[in-house]
file work_1.cif (mmCIF, C-alpha atoms)
data_input
loop_
_atom_site.label_atom_id
_atom_site.label_comp_id
_atom_site.auth_asym_id
_atom_site.auth_seq_id
_atom_site.Cartn_x
_atom_site.Cartn_y
_atom_site.Cartn_z
CA MET A 15 -15.82 6.43 0.31
CA ALA A 16 -14.96 9.74 2.03
CA LYS A 17 -18.13 9.46 4.06
CA ASN A 18 -17.24 5.93 5.15
CA GLY A 19 -13.67 7.05 5.81
CA VAL A 20 -14.78 9.70 8.29
CA PHE A 21 -17.11 7.28 10.01
CA SER A 22 -14.42 4.66 10.35
CA ARG A 23 -11.91 7.16 11.70
CA LEU A 24 -14.37 8.21 14.40
CA ARG A 25 -15.14 4.62 15.25
CA ARG A 26 -11.48 3.79 15.45
CA PHE A 27 -10.73 6.69 17.79
CA GLU A 28 -13.50 5.48 20.05
CA LYS A 29 -12.02 2.02 20.15
CA SER A 30 -8.43 3.18 20.32
CA GLU A 31 -8.15 2.57 24.04
CA GLU A 32 -8.76 -1.14 23.52
CA MET A 33 -6.16 -1.41 20.80
CA ASP A 34 -2.52 -2.19 21.40
CA ASP A 35 -1.24 -0.78 18.16
CA PHE A 36 -2.39 2.81 18.22
CA SER A 37 -0.29 3.74 15.20
CA GLU A 38 -2.18 1.27 13.01
CA CYS A 39 -5.56 2.81 13.65
CA LEU A 40 -4.35 6.25 12.65
CA ASP A 41 -3.10 5.03 9.29
CA SER A 42 -6.25 5.38 7.24
CA ASP A 43 -4.38 5.83 3.96
CA GLU A 44 -3.54 2.21 3.35
CA VAL A 45 -6.19 0.05 1.79
CA HIS A 46 -7.05 -2.88 4.04
CA VAL A 47 -7.96 -6.04 2.19
CA LEU A 48 -9.50 -9.16 3.66
CA ALA A 49 -8.41 -12.11 1.53
CA VAL A 50 -10.29 -15.39 1.78
CA ASP A 51 -8.95 -18.62 0.27
CA ASP A 52 -8.76 -22.17 1.52
CA SER A 53 -5.57 -22.86 -0.44
CA LEU A 54 -2.38 -22.08 1.45
CA VAL A 55 -0.45 -21.56 -1.79
CA ASP A 56 -3.04 -19.11 -3.09
CA ARG A 57 -3.21 -17.26 0.23
CA LYS A 58 0.53 -16.77 0.15
CA VAL A 59 0.40 -15.47 -3.40
CA ILE A 60 -2.58 -13.16 -2.96
CA GLU A 61 -1.13 -11.81 0.25
CA ARG A 62 2.11 -10.93 -1.50
CA LEU A 63 0.28 -9.49 -4.52
CA LEU A 64 -1.66 -7.18 -2.23
CA LYS A 65 1.29 -6.19 -0.06
CA ILE A 66 3.39 -5.35 -3.07
CA THR A 67 0.62 -2.98 -4.20
CA SER A 68 0.79 -1.31 -0.78
CA CYS A 69 -2.29 -2.85 0.76
CA LYS A 70 -2.66 -4.06 4.29
CA VAL A 71 -3.73 -7.70 4.20
CA THR A 72 -5.60 -10.03 6.49
CA ALA A 73 -5.70 -13.50 4.98
CA VAL A 74 -8.13 -16.11 6.28
CA ASP A 75 -8.81 -19.65 5.16
CA SER A 76 -12.61 -19.76 5.16
CA GLY A 77 -15.81 -17.79 4.79
CA ARG A 78 -16.59 -18.55 8.41
CA ARG A 79 -13.34 -16.96 9.58
CA ALA A 80 -13.94 -13.99 7.31
CA LEU A 81 -17.30 -13.39 8.95
CA GLN A 82 -15.74 -13.81 12.37
CA PHE A 83 -13.11 -11.25 11.50
CA LEU A 84 -15.76 -8.82 10.37
CA GLY A 85 -17.76 -9.47 13.49
CA LEU A 86 -20.64 -10.74 11.43
CA ASP A 87 -20.52 -14.25 12.73
CA GLU A 88 -23.44 -14.67 15.10
CA GLU A 89 -25.59 -11.59 14.87
CA GLU A 90 -25.84 -8.67 12.46
CA ALA A 91 -25.39 -5.95 15.02
CA SER A 92 -22.28 -7.43 16.61
CA VAL A 93 -19.34 -5.08 16.26
CA GLY A 94 -16.82 -7.69 17.24
CA PHE A 95 -13.12 -7.78 16.75
CA ASP A 96 -12.79 -5.95 13.43
CA SER A 97 -9.77 -3.96 14.52
CA LEU A 98 -9.16 -2.36 11.16
CA LYS A 99 -11.80 -1.21 8.75
CA VAL A 100 -11.92 -3.49 5.75
CA ASP A 101 -11.87 -1.66 2.42
CA LEU A 102 -12.09 -4.66 0.14
CA ILE A 103 -12.84 -8.34 0.39
CA ILE A 104 -11.30 -10.66 -2.14
CA THR A 105 -12.47 -14.23 -1.97
CA ASP A 106 -12.06 -17.54 -3.74
CA TYR A 107 -15.26 -18.98 -5.14
CA CYS A 108 -14.76 -22.71 -4.53
CA MET A 109 -14.21 -23.31 -0.86
CA PRO A 110 -15.37 -26.14 1.39
CA GLY A 111 -18.04 -25.16 3.89
CA MET A 112 -19.05 -21.70 2.80
CA THR A 113 -18.42 -20.85 -0.83
CA GLY A 114 -17.27 -17.41 -1.93
CA TYR A 115 -20.73 -16.88 -3.38
CA GLU A 116 -22.38 -17.62 -0.02
CA LEU A 117 -19.93 -15.29 1.69
CA LEU A 118 -20.76 -12.62 -0.87
CA LYS A 119 -24.47 -13.00 -0.13
CA LYS A 120 -23.91 -12.75 3.60
CA ILE A 121 -21.86 -9.58 3.20
CA LYS A 122 -24.29 -7.95 0.81
CA GLY A 123 -27.11 -8.94 3.12
CA SER A 124 -25.55 -7.06 6.01
CA SER A 125 -26.45 -3.40 6.46
CA THR A 126 -23.08 -2.80 8.11
CA PHE A 127 -20.90 -4.46 5.54
CA ARG A 128 -22.72 -4.41 2.23
CA GLU A 129 -20.85 -1.29 1.17
CA ILE A 130 -17.57 -3.17 1.19
CA PRO A 131 -16.65 -4.16 -2.37
CA VAL A 132 -16.28 -7.89 -2.83
CA VAL A 133 -14.18 -9.42 -5.56
CA ILE A 134 -14.50 -13.07 -6.47
CA MET A 135 -11.60 -15.20 -7.71
CA SER A 136 -12.08 -18.46 -9.50
CA SER A 137 -10.10 -20.87 -11.61
CA GLU A 138 -13.27 -21.76 -13.50
CA ASN A 139 -14.09 -19.38 -16.28
CA VAL A 140 -17.85 -19.98 -16.31
CA LEU A 141 -20.16 -17.24 -17.57
CA THR A 142 -23.15 -18.28 -15.45
CA ARG A 143 -21.00 -18.23 -12.34
CA ILE A 144 -19.62 -14.81 -13.18
CA ASP A 145 -23.09 -13.43 -13.90
CA ARG A 146 -24.46 -14.85 -10.69
CA CYS A 147 -21.71 -13.19 -8.66
CA LEU A 148 -22.09 -9.85 -10.38
CA GLU A 149 -25.85 -9.97 -9.91
CA GLU A 150 -25.38 -10.68 -6.23
CA GLY A 151 -23.29 -7.54 -5.98
CA ALA A 152 -19.73 -8.62 -6.56
CA GLU A 153 -17.60 -5.75 -7.74
CA ASP A 154 -15.41 -7.84 -9.95
CA PHE A 155 -14.51 -11.37 -10.93
CA ILE A 156 -10.92 -12.44 -11.47
CA VAL A 157 -9.97 -15.65 -13.19
CA LYS A 158 -7.15 -17.47 -11.46
CA PRO A 159 -4.19 -17.60 -11.45
CA VAL A 160 -4.15 -14.04 -10.20
CA LYS A 161 -1.48 -11.80 -11.67
CA LEU A 162 0.11 -8.61 -10.45
CA SER A 163 -1.62 -6.67 -13.23
CA ASP A 164 -5.02 -7.91 -11.99
CA VAL A 165 -4.39 -6.58 -8.50
CA LYS A 166 -2.90 -3.31 -9.71
CA ARG A 167 -5.84 -2.69 -11.98
CA LEU A 168 -8.28 -3.52 -9.19
CA LYS A 169 -6.60 -1.23 -6.73
CA SER A 170 -6.27 1.57 -9.24
CA TYR A 171 -9.91 1.69 -10.30
CA MET A 172 -11.31 1.07 -6.83
CA PHE A 173 -9.03 3.30 -4.84
CA GLY A 174 -7.71 5.54 -7.60
CA GLU A 175 -5.42 8.45 -6.84
CA GLY A 176 -7.35 11.58 -7.68
CA PRO A 177 -9.79 13.22 -10.12
CA ILE A 178 -7.12 13.57 -12.80
CA GLN A 179 -6.19 9.91 -12.57
CA ARG A 180 -9.78 8.82 -12.86
CA GLN A 181 -10.38 11.18 -15.78
CA ASP A 182 -7.47 9.63 -17.63
CA ASN A 183 -8.79 6.14 -17.01
CA LYS A 184 -12.25 7.16 -18.11
CA ARG A 185 -10.96 8.65 -21.34
CA LYS A 186 -8.81 5.63 -22.01
CA LEU A 187 -11.75 3.29 -21.49
CA GLN A 188 -13.91 5.27 -23.85
CA GLU A 189 -11.24 5.39 -26.53
CA GLU A 190 -10.44 1.71 -26.42
CA PRO A 191 -13.60 -0.16 -25.65
CA SER A 192 -12.14 -3.49 -26.62
CA ASP A 193 -9.29 -3.14 -24.14
CA ILE A 194 -9.62 -5.53 -21.29
CA SER A 195 -7.17 -4.07 -18.84
CA LEU A 196 -6.30 -0.52 -17.93
CA THR A 197 -2.61 -1.25 -17.68
CA PRO A 198 -0.88 -2.61 -20.75
CA SER A 199 -0.94 -6.35 -20.34
CA PRO A 200 2.14 -8.42 -20.95
CA SER A 201 2.53 -10.07 -24.34
CA SER A 202 -0.09 -12.75 -24.72
CA SER A 203 2.20 -15.00 -26.73
CA SER A 204 3.44 -16.57 -23.56
CA SER A 205 0.02 -17.47 -22.20
CA SER A 206 -0.46 -21.13 -21.55
CA PRO A 207 -2.23 -23.21 -24.18
CA SER A 208 -4.32 -24.92 -21.52
CA SER A 209 -7.94 -25.40 -22.47
CA ASP A 210 -8.92 -23.83 -19.18
CA HIS A 211 -7.95 -20.37 -20.33
CA THR A 212 -10.41 -19.42 -22.96
CA MET A 213 -9.76 -15.72 -22.81
CA SER A 214 -7.01 -13.63 -24.29
CA PRO A 215 -5.06 -11.39 -23.94
CA SER A 216 -5.65 -11.36 -20.20
CA GLN A 217 -7.96 -13.12 -17.84
CA SER A 218 -9.16 -9.92 -16.25
CA SER A 219 -12.62 -9.45 -14.93
CA PRO A 220 -15.56 -8.19 -16.96
CA SER A 221 -16.42 -4.96 -15.20
CA VAL A 222 -13.22 -3.11 -15.98
CA SER A 223 -14.65 -1.39 -19.03
CA SER A 224 -17.28 0.30 -16.93
CA PRO A 225 -17.25 4.02 -17.60
CA CYS A 226 -18.07 4.77 -13.95
CA SER A 227 -15.44 6.50 -11.90
CA PRO A 228 -14.13 4.36 -9.05
CA ARG A 229 -15.70 6.39 -6.27
CA SER A 230 -19.21 6.45 -7.64
CA PHE A 231 -18.91 2.79 -8.48
CA LEU A 232 -18.32 2.00 -4.83
CA SER A 233 -20.98 4.13 -3.23
CA ALA A 234 -23.74 3.25 -5.68
CA PRO A 235 -25.66 0.06 -5.08
CA CYS A 236 -23.93 -2.59 -7.03
CA SER A 237 -25.59 -3.51 -10.26
CA PRO A 238 -24.23 -5.62 -13.05
CA ILE A 239 -22.59 -2.96 -15.16
CA SER A 240 -21.61 -3.53 -18.78
CA LEU A 241 -22.94 -7.02 -18.94
CA ASP A 242 -22.34 -6.92 -22.63
CA SER A 243 -18.63 -6.93 -21.99
CA PRO A 244 -18.67 -10.20 -20.08
CA SER A 245 -20.78 -11.78 -22.81
CA ARG A 246 -18.49 -10.47 -25.45
CA ARG A 247 -15.40 -11.68 -23.70
CA PHE A 248 -16.74 -14.92 -22.39
CA LYS A 249 -18.83 -15.94 -25.33
CA THR A 250 -16.46 -18.68 -26.34
CA SER A 251 -16.51 -20.22 -22.89
CA ASN A 252 -19.27 -22.72 -22.45
CA HIS A 253 -17.44 -25.45 -20.66
CA ASP A 254 -17.20 -26.10 -16.96
CA MET B 5 34.52 -14.35 -13.84
CA GLU B 6 34.82 -17.28 -16.21
CA ILE B 7 33.02 -19.61 -13.84
CA VAL B 8 30.13 -17.20 -13.46
CA GLY B 9 29.78 -16.96 -17.22
CA GLN B 10 29.67 -20.73 -17.54
CA LEU B 11 27.21 -21.15 -14.69
CA GLN B 12 25.06 -18.40 -16.09
CA LYS B 13 24.94 -20.07 -19.47
CA GLN B 14 24.02 -23.45 -17.99
CA TYR B 15 21.42 -21.87 -15.77
CA VAL B 16 19.82 -19.86 -18.55
CA GLU B 17 19.74 -22.88 -20.86
CA PHE B 18 18.17 -24.98 -18.15
CA SER B 19 15.55 -22.38 -17.26
CA THR B 20 14.67 -21.76 -20.89
CA SER B 21 14.14 -25.48 -21.40
CA LEU B 22 11.67 -25.59 -18.52
CA TYR B 23 9.45 -23.07 -20.28
CA ARG B 24 10.00 -24.57 -23.71
CA GLU B 25 9.09 -28.06 -22.50
CA GLY B 26 6.02 -26.75 -20.73
CA PHE B 27 7.05 -27.59 -17.19
CA LEU B 28 6.60 -23.97 -16.23
CA ASP B 29 4.41 -21.28 -17.71
CA GLU B 30 3.92 -17.53 -17.48
CA GLN B 31 2.60 -17.72 -13.94
CA PHE B 32 6.05 -18.72 -12.72
CA ILE B 33 7.37 -15.51 -14.26
CA GLN B 34 4.60 -13.66 -12.43
CA LEU B 35 5.89 -15.07 -9.15
CA GLN B 36 9.33 -13.60 -9.84
CA LYS B 37 7.72 -10.16 -9.98
CA LEU B 38 6.66 -10.61 -6.39
CA GLN B 39 10.20 -11.18 -5.20
CA ASP B 40 12.38 -8.25 -4.20
CA GLU B 41 14.83 -7.09 -1.55
CA SER B 42 12.12 -7.07 1.09
CA ASN B 43 11.06 -10.61 0.13
CA PRO B 44 14.14 -12.19 -1.43
CA ASP B 45 13.01 -15.79 -0.93
CA PHE B 46 9.42 -15.45 -1.96
CA VAL B 47 9.52 -17.87 -4.89
CA VAL B 48 11.31 -20.59 -2.92
CA GLU B 49 8.84 -20.10 -0.05
CA VAL B 50 5.75 -20.42 -2.22
CA VAL B 51 7.16 -23.38 -4.08
CA SER B 52 7.99 -25.08 -0.76
CA ILE B 53 4.42 -24.61 0.37
CA PHE B 54 3.34 -26.06 -2.96
CA PHE B 55 5.52 -29.14 -2.43
CA GLU B 56 4.12 -29.79 1.06
CA ASP B 57 0.58 -29.17 -0.09
CA SER B 58 0.98 -31.42 -3.13
CA GLU B 59 2.39 -34.33 -1.23
CA LYS B 60 -0.57 -34.24 1.10
CA LEU B 61 -2.96 -34.02 -1.84
CA ILE B 62 -1.31 -36.97 -3.56
CA ASN B 63 -1.73 -39.06 -0.41
CA ASP B 64 -5.35 -37.99 -0.06
CA LEU B 65 -5.94 -38.85 -3.71
CA ALA B 66 -4.34 -42.27 -3.36
CA THR B 67 -6.51 -43.00 -0.32
CA ALA B 68 -9.71 -41.78 -1.97
CA ILE B 69 -9.09 -43.77 -5.12
CA GLN B 70 -8.32 -46.98 -3.25
CA GLN B 71 -11.63 -47.06 -1.42
CA GLN B 72 -13.93 -50.04 -1.97
CA VAL B 73 -16.53 -47.67 -3.27
CA VAL B 74 -14.78 -44.70 -4.82
CA ASP B 75 -16.34 -41.35 -4.08
CA PHE B 76 -15.55 -39.54 -7.33
CA LYS B 77 -16.78 -36.25 -5.94
CA GLN B 78 -14.19 -36.48 -3.21
CA VAL B 79 -11.47 -37.41 -5.70
CA ASP B 80 -12.53 -34.50 -7.87
CA ALA B 81 -12.37 -32.11 -4.92
CA HIS B 82 -8.75 -33.07 -4.27
CA VAL B 83 -7.84 -32.82 -7.96
CA HIS B 84 -9.49 -29.42 -8.14
CA GLN B 85 -7.26 -28.25 -5.30
CA PHE B 86 -4.18 -29.69 -6.91
CA LYS B 87 -5.06 -28.10 -10.21
CA GLY B 88 -5.48 -24.77 -8.46
CA SER B 89 -2.21 -24.77 -6.61
CA SER B 90 -0.18 -26.01 -9.56
CA SER B 91 -1.77 -23.31 -11.71
CA SER B 92 -0.94 -20.67 -9.12
CA ILE B 93 2.77 -21.42 -9.23
CA GLY B 94 2.97 -22.06 -12.95
CA ALA B 95 3.44 -25.83 -12.84
CA ASN B 96 1.86 -26.16 -16.26
CA ARG B 97 2.17 -29.88 -16.95
CA VAL B 98 0.89 -30.85 -13.52
CA LYS B 99 -2.07 -28.55 -14.02
CA ASN B 100 -2.89 -30.03 -17.42
CA MET B 101 -2.68 -33.56 -16.07
CA CYS B 102 -5.07 -32.56 -13.26
CA ILE B 103 -7.50 -31.27 -15.86
CA ALA B 104 -7.32 -34.65 -17.60
CA LEU B 105 -7.87 -36.44 -14.30
CA ARG B 106 -10.96 -34.37 -13.64
CA SER B 107 -12.46 -35.59 -16.91
CA PHE B 108 -12.01 -39.20 -15.81
CA CYS B 109 -13.66 -38.32 -12.50
CA ASP B 110 -16.59 -36.77 -14.33
CA GLU B 111 -16.99 -39.97 -16.30
CA LYS B 112 -16.58 -42.00 -13.12
CA ASN B 113 -13.96 -43.94 -15.03
CA LEU B 114 -11.97 -45.65 -12.28
CA ASP B 115 -9.42 -47.22 -14.57
CA GLY B 116 -8.84 -43.92 -16.32
CA CYS B 117 -8.50 -42.20 -12.95
CA LEU B 118 -5.95 -44.69 -11.72
CA ARG B 119 -3.81 -44.35 -14.82
CA CYS B 120 -4.14 -40.60 -14.91
CA LEU B 121 -3.29 -40.24 -11.25
CA GLN B 122 -0.03 -42.02 -11.98
CA GLN B 123 0.63 -39.45 -14.69
CA VAL B 124 -0.18 -36.60 -12.31
CA LYS B 125 2.28 -37.97 -9.76
CA HIS B 126 4.88 -38.44 -12.46
CA GLU B 127 4.54 -34.86 -13.66
CA TYR B 128 4.61 -33.57 -10.12
CA PHE B 129 7.84 -35.35 -9.23
CA LEU B 130 9.38 -34.25 -12.52
CA VAL B 131 8.66 -30.58 -11.93
CA LYS B 132 9.68 -30.88 -8.31
CA ASN B 133 13.03 -32.19 -9.43
CA LYS B 134 13.39 -29.44 -12.01
CA LEU B 135 12.54 -26.72 -9.54
CA GLU B 136 14.93 -28.06 -6.95
CA THR B 137 17.65 -28.09 -9.59
CA LEU B 138 16.73 -24.56 -10.54
CA PHE B 139 16.98 -23.34 -6.98
CA ARG B 140 20.27 -25.19 -6.49
CA GLY B 141 21.53 -23.46 -9.58
CA ILE B 142 20.53 -20.18 -8.04
CA SER B 143 22.39 -20.90 -4.79
CA HIS B 144 25.42 -21.99 -6.71
CA LEU B 145 25.49 -18.84 -8.78
CA LYS B 146 24.83 -16.81 -5.67
CA GLU B 147 27.81 -18.36 -3.96
CA ASN B 148 30.01 -17.10 -6.72
CA ILE B 149 29.20 -13.48 -7.29
CA ASP B 150 26.27 -11.85 -5.48
CA SER B 151 25.75 -8.60 -7.29
CA PHE B 152 26.47 -10.08 -10.69
CA PHE B 153 23.87 -12.71 -9.84
CA SER B 154 21.06 -10.24 -9.12
CA PHE B 155 21.63 -8.64 -12.48
CA LEU B 156 21.42 -12.02 -14.23
CA ILE B 157 18.25 -13.15 -12.51
CA HIS B 158 16.55 -9.82 -13.07
CA HIS B 159 17.59 -9.91 -16.71
CA PHE B 160 16.55 -13.49 -17.30
CA PHE B 161 13.15 -13.50 -15.64
CA ARG B 162 12.09 -10.43 -17.54
CA ARG B 163 12.48 -12.24 -20.84
CA LYS B 164 9.47 -13.98 -22.41
CA LYS B 165 9.93 -17.61 -23.38
#
call {"tool": "encode", "arguments": {"input": "work_1.cif", "output": "structure tokens"}}
result
Amino acid sequence: MAKNGVFSRLRRFEKSEEMDDFSECLDSDEVHVLAVDDSLVDRKVIERLLKITSCKVTAVDSGRRALQFLGLDEEEASVGFDSLKVDLIITDYCMPGMTGYELLKKIKGSSTFREIPVVIMSSENVLTRIDRCLEEGAEDFIVKPVKLSDVKRLKSYMFGEGPIQRQDNKRKLQEEPSDISLTPSPSSSSSSPSSDHTMSPSQSSPSVSSPCSPRSFLSAPCSPISLDSPSRRFKTSNHD
Amino acid sequence: MEIVGQLQKQYVEFSTSLYREGFLDEQFIQLQKLQDESNPDFVVEVVSIFFEDSEKLINDLATAIQQQVVDFKQVDAHVHQFKGSSSSIGANRVKNMCIALRSFCDEKNLDGCLRCLQQVKHEYFLVKNKLETLFRGISHLKENIDSFFSFLIHHFFRRKK
């Protein structure tokens, strides 16, 4: 990510004359997330979840708009109006027009943007869907409704503080392989009895038990890591 | 302070009942975590968006289901949205009723859909009423003692049901 960070800073300085808000382009510390969801309620929630974890957020209502924002709309090479470098894309799966999966494919198919981690959100806890997304290069898959702990965990393993932090996480993951989340999850006794939620204690994504450190995870080409964990966790889910 | 104590008790009893009776679930508690001094009206704002969104969805559903030839895929698409938004704010009973409605759509059971849609609407208006009462309760408490109020809310919403 350091390599990308330097590149983006250079690019931003070049473009700084065109930008009104000069102070924004110098702030490369904040993680900038592009959130894509057709639901207004969900956009409001995800935006707040991200802001409260100190991320900069751009929320759009469709895959099309996401591509426009990235400058990937018409042609690959178009630089376009992507004022701030995007560090993470989090998208809903089920959307009219372009699905989150199609958006994922477009991003991973772009030489400019395929390095950007993409996280898929979905209310449907379907193993084949999850596998398909991971195989296509999604970094993670979050089952809706999205909680604060989901976003914190995501941010912490993707944009973790420092080597010590990552070491701790790594050790913790190795010690407790059956743990689903890095942060202690709230008591599961209050989870809803709805048949939609087949997982417990949390509905976190499968790849969290990966032993890879966050940085190497990002720069390496995305491959479905620890597929045995999704199977283990999702084995009881075979409904749509 | 007597009045605050009484209001607090009523409010806590009312809120607890909402969780106990399944109107609200853990996700509603999650929303509270997103509210703070910088965003003091977050929950009310999201819920208001939910109300507007839901009323539109209910109209769309009514229209879709009254067509001469019902397009169940279209009905299902609307229900899916409704299920999603109700789940996102913790409106548990609405969500569950949407799940039931989706089953009827899958079966292309028009009669079942019609009856279930009525149930969905019923649950929606129930929870809407409850939430509005909840928020009124909050304003009322707030009117009385402001700082005492923030302690109470913080204390209550951190408790599990």
call {"tool": "residues_around", "arguments": {"input": "work_1.cif", "residues": "A:Tyr107", "least_positions_apart": "4", "cutoff": "7 Å", "atoms": "only C-alpha atoms", "output": "PyMOL selection string"}}
result
chain A and resi 113-115+134-136
call {"tool": "write_last_selection", "arguments": {"input": "work_1.cif", "atoms": "C-alpha atoms", "output": "compact mmCIF listing (two decimals), in the coordinates of the input"}}
result
# COMPACT_ATOMS: atom_id res chain seq x y z
CA THR A 113 -18.42 -20.85 -0.83
CA GLY A 114 -17.27 -17.41 -1.93
CA TYR A 115 -20.73 -16.88 -3.38
CA ILE A 134 -14.50 -13.07 -6.47
CA MET A 135 -11.60 -15.20 -7.71
CA SER A 136 -12.08 -18.46 -9.50
call {"tool": "residues_around", "arguments": {"input": "work_1.cif", "residues": "B:Leu121", "least_positions_apart": "6", "cutoff": "10 Å", "atoms": "all atoms listed in the file", "output": "MDAnalysis selection string"}}
result
chainID B and resid 62 65:66 69 83 101:102 104:106 108 115 127
call {"tool": "resolve_selection", "arguments": {"input": "work_1.cif", "expression": "the PyMOL selection byres ((chain B and resi 61) around 12)", "output": "number ranges by chain"}}
result
A: 53; B: 54-60, 62-69, 78-90, 102, 121, 124-125, 128
call {"tool": "atom_distance", "arguments": {"input": "work_1.cif", "atom1": "atom CA of B:Phe46", "atom2": "atom CA of A:Glu61"}}
result
11.4 Å
call {"tool": "atom_distance", "arguments": {"input": "work_1.cif", "atom1": "atom CA of B:Phe32", "atom2": "atom CA of B:Gln14"}}
result
19.3 Å
call {"tool": "atom_distance", "arguments": {"input": "work_1.cif", "atom1": "atom CA of B:Ser19", "atom2": "atom CA of B:Asn100"}}
result
20.0 Å
call {"tool": "residues_around", "arguments": {"input": "work_1.cif", "residues": "B:Val131", "least_positions_apart": "6", "cutoff": "9 Å", "atoms": "all atoms listed in the file", "output": "list of chain:residue names"}}
result
B:Leu22, B:Phe27, B:Leu28, B:Ala95, B:Arg97, B:Val98
call {"tool": "resolve_selection", "arguments": {"input": "work_1.cif", "expression": "the PyMOL selection byres ((chain B) within 7 of (chain A))", "output": "ChimeraX atom specification"}}
result
/B:29-30,34,38,50,53-54,88-89,91-92,100,164-165
call {"tool": "write_last_selection", "arguments": {"input": "work_1.cif", "atoms": "C-alpha atoms", "output": "mmCIF file, in the frame of the given file"}}
result
data_model
loop_
_atom_site.group_PDB
_atom_site.id
_atom_site.type_symbol
_atom_site.label_atom_id
_atom_site.label_comp_id
_atom_site.auth_asym_id
_atom_site.auth_seq_id
_atom_site.Cartn_x
_atom_site.Cartn_y
_atom_site.Cartn_z
ATOM 1 C CA ASP B 29 4.410 -21.280 -17.710
ATOM 2 C CA GLU B 30 3.920 -17.530 -17.480
ATOM 3 C CA GLN B 34 4.600 -13.660 -12.430
ATOM 4 C CA LEU B 38 6.660 -10.610 -6.390
ATOM 5 C CA VAL B 50 5.750 -20.420 -2.220
ATOM 6 C CA ILE B 53 4.420 -24.610 0.370
ATOM 7 C CA PHE B 54 3.340 -26.060 -2.960
ATOM 8 C CA GLY B 88 -5.480 -24.770 -8.460
ATOM 9 C CA SER B 89 -2.210 -24.770 -6.610
ATOM 10 C CA SER B 91 -1.770 -23.310 -11.710
ATOM 11 C CA SER B 92 -0.940 -20.670 -9.120
ATOM 12 C CA ASN B 100 -2.890 -30.030 -17.420
ATOM 13 C CA LYS B 164 9.470 -13.980 -22.410
ATOM 14 C CA LYS B 165 9.930 -17.610 -23.380
#
call {"tool": "resolve_selection", "arguments": {"input": "work_1.cif", "expression": "the PyMOL selection byres ((chain B and resi 139) around 12)", "output": "ChimeraX atom specification"}}
result
/B:15,18-19,45,47-49,51-52,132-138,140-146,157
call {"tool": "axis_aligned_box", "arguments": {"input": "work_1.cif", "around": "stretch 166-174 of chain A", "padding_each_side": "8 Å", "output": "JSON"}}
result
{"center_x": -7.1, "center_y": 1.0, "center_z": -8.4, "size_x": 24.4, "size_y": 25.1, "size_z": 23.1}
